[in-house]
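S.K.: My structure is stored as protein_15.txt, with compact mmCIF, C-alpha atoms.
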# COMPACT_ATOMS: atom_id res chain seq x y z
CA MET A 1 37.17 63.00 95.40
CA ILE A 2 36.63 63.63 91.74
CA GLU A 3 38.35 61.16 89.43
CA ASN A 4 39.40 61.32 85.77
CA ARG A 5 40.73 64.86 85.75
CA ASN A 6 43.43 65.85 83.27
CA VAL A 7 45.30 68.41 85.38
CA ASN A 8 49.06 68.67 85.92
CA ILE A 9 51.44 70.74 88.00
CA ILE A 10 54.35 72.06 85.96
CA THR A 11 57.30 74.31 86.76
CA ASP A 12 58.08 77.37 84.65
CA ALA A 13 61.52 78.71 83.69
CA ASP A 14 61.67 80.77 86.91
CA GLY A 15 61.00 77.71 89.07
CA LYS A 16 57.41 78.69 89.91
CA LYS A 17 54.76 76.00 89.94
CA LEU A 18 51.74 76.36 87.69
CA VAL A 19 48.60 74.30 87.25
CA LEU A 20 47.96 73.18 83.68
CA ILE A 21 44.33 72.28 82.98
CA ASN A 22 44.26 70.00 79.93
CA ASP A 23 40.57 69.10 80.15
CA ILE A 24 38.20 71.98 79.44
CA ARG A 25 35.06 70.65 81.08
CA PHE A 26 32.86 73.77 81.03
CA LYS A 27 32.39 75.03 77.51
CA GLY A 28 29.80 77.23 75.99
CA LYS A 29 29.35 79.66 73.18
CA ARG A 30 27.53 82.21 75.30
CA GLN A 31 27.31 81.44 79.00
CA ILE A 32 28.56 78.99 81.58
CA ASP A 33 25.92 76.88 83.30
CA TRP A 34 26.93 77.70 86.88
CA ASP A 35 24.55 75.05 88.23
CA ASP A 36 26.74 72.45 86.48
CA VAL A 37 29.85 74.00 88.06
CA LYS A 38 28.18 73.95 91.48
CA GLN A 39 27.25 70.29 91.04
CA TYR A 40 30.83 69.48 89.97
CA LEU A 41 32.26 71.26 93.04
CA GLU A 42 30.03 69.20 95.31
CA GLY A 43 32.29 66.27 94.39
CA TYR A 44 35.09 67.87 96.44
CA VAL A 45 33.02 68.36 99.61
CA GLY A 46 34.42 66.36 102.49
CA ASP A 47 37.91 66.03 100.99
CA TYR A 48 41.18 67.28 102.48
CA TYR A 49 44.05 68.70 100.42
CA GLU A 50 47.51 69.61 101.64
CA ILE A 51 49.43 72.80 100.93
CA GLU A 52 52.88 71.63 99.86
CA GLU A 53 54.71 74.70 101.24
CA ASN A 54 53.65 74.29 104.88
CA ALA A 55 51.93 70.87 105.07
CA LYS A 56 48.65 72.44 106.22
CA ARG A 57 45.59 70.39 105.43
CA ILE A 58 42.62 72.19 103.91
CA TYR A 59 39.14 70.78 104.36
CA ILE A 60 36.60 71.40 101.60
CA GLY A 61 33.30 72.18 103.29
CA ASN A 62 29.82 72.18 101.87
CA GLU A 63 29.92 75.99 101.56
CA LEU A 64 32.43 75.91 98.69
CA PRO A 65 30.03 75.21 95.78
CA GLU A 66 27.71 78.05 96.74
CA GLU A 67 30.50 80.52 97.55
CA TYR A 68 32.37 79.74 94.33
CA THR A 69 29.40 80.00 91.99
CA GLU A 70 27.24 82.67 93.63
CA SER A 71 29.81 85.29 94.68
CA GLU A 72 29.40 88.89 93.58
CA SER A 73 32.76 88.78 91.81
CA ARG A 74 31.65 85.73 89.80
CA LYS A 75 28.44 87.42 88.76
CA SER A 76 30.41 90.23 87.16
CA LEU A 77 32.53 87.85 85.06
CA MET A 78 31.81 87.44 81.39
CA GLY A 79 33.26 85.64 78.41
CA ALA A 80 36.72 84.12 78.73
CA ASN A 81 37.09 85.15 82.38
CA ALA A 82 33.91 83.31 83.34
CA LYS A 83 35.07 80.21 81.45
CA ALA A 84 38.47 80.40 83.15
CA LYS A 85 36.90 80.52 86.61
CA ALA A 86 34.51 77.68 85.79
CA ASN A 87 37.33 75.47 84.51
CA ALA A 88 39.59 76.36 87.44
CA ALA A 89 37.09 74.39 89.53
CA THR A 90 38.52 71.23 87.98
CA ALA A 91 41.92 71.99 89.52
CA ILE A 92 41.00 72.74 93.15
CA PRO A 93 43.34 70.02 94.58
CA GLU A 94 46.33 71.16 92.55
CA LEU A 95 45.70 74.87 93.14
CA THR A 96 45.52 74.15 96.86
CA GLN A 97 48.70 72.08 96.74
CA ILE A 98 50.83 74.82 95.12
CA SER A 99 49.29 77.74 97.02
CA SER A 100 51.60 79.89 99.08
CA ASN A 101 51.56 82.90 101.36
CA PRO A 102 48.22 82.09 103.05
CA ALA A 103 46.11 85.04 104.15
CA PHE A 104 44.23 83.10 106.83
CA ASP A 105 45.48 80.66 109.46
Just give me the structure as structure tokens.
M.R.:
Amino acid sequence: MIENRNVNIITDADGKKLVLINDIRFKGKRQIDWDDVKQYLEGYVGDYYEIEENAKRIYIGNELPEEYTESESRKSLMGANAKAKANAATAIPELTQISSNPAFD
């Protein structure tokens, strides 16, 4: 488990939960160092997180860092979108917790 993260779950005016990332860990003027993101994600491997809506537990396997950082969709990201995906890695537990309508069981 990764400690010292500044991430909160908040509720908007419509009652929907959102993840607020207060700590921008991956910064860069030009490009994101995806090797740093991959190394960061390795800190989640072996952890379980629970989806609040249905109490399902999600295991984070050792495939996550590679899949997250080396996907074709990631390779096409640039600029602010790439930075958003990189920094979303810091909120994996909270994003899992508020997820709903799972596509896979």
S.K.: What lies within 12 Å of Ala89 in chain A using only C-alpha atoms, ignoring chain neighbours under 5 positions off, as a ChimeraX atom specification?
M.R.: /A:2,5,7,19,21,23-26,34,36-44,64-65,68-69,82-84,94-96
S.K.: Tell me, in Å to one decimal, how far CA of Lys75 in chain A is from CA of Ala91 in chain A.
M.R.: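 Going from CA of Lys75 in chain A over to CA of Ala91 in chain A, I get 20.5 Å.
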S.K.: Counting all atoms listed in the file, note down every residue that has an atom within 6 Å of the point (33.5, 71.9, 99.9) (file coordinates), as an MDAnalysis selection string.
M.R.: chainID A and resid 44:45 60:64
S.K.: If you measure from CA of Glu67 in chain A to CA of Gly79 in chain A, what distance in Å do you get, rounded to one decimal?
M.R.: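 Atom-to-atom, CA of Glu67 in chain A and CA of Gly79 in chain A are spaced 20.0 Å apart.
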S.K.: Could you check how far CA of Glu52 in chain A sits from CA of Ser99 in chain A, in Å to one decimal?
M.R.: 7.6 Å
S.K.: Closest to Ala55 in chain A among A:Asp14, A:Gln97, A:Arg74, A:Asn22, using all atoms listed in the file?
M.R.: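 Of A:Asp14, A:Gln97, A:Arg74, A:Asn22, the one nearest Ala55 in chain A is A:Gln97, counting all atoms listed in the file.
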S.K.: What are the centre and edge lengths in Å, to one decimal, of the axis-aligned box around all listed atoms of range 17-30 of chain A with 8 Å added on each side, as lines of an AutoDock Vina configuration file?
M.R.:
center_x = 41.1
center_y = 75.7
center_z = 81.6
size_x = 43.2
size_y = 29.1
size_z = 32.8
S.K.: Between A:Met1, A:Ala86, A:Ile32, A:Ser71, which is the closest to Gly46 in chain A once you count only C-alpha atoms?
M.R.: A:Met1
S.K.: I need the residue nearest Ile92 in chain A from this list: A:Leu18, A:Asp12, A:Tyr49, A:Met78. Use all atoms listed in the file for the distance.
M.R.: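 Among the listed residues, A:Tyr49 lies closest to Ile92 in chain A.
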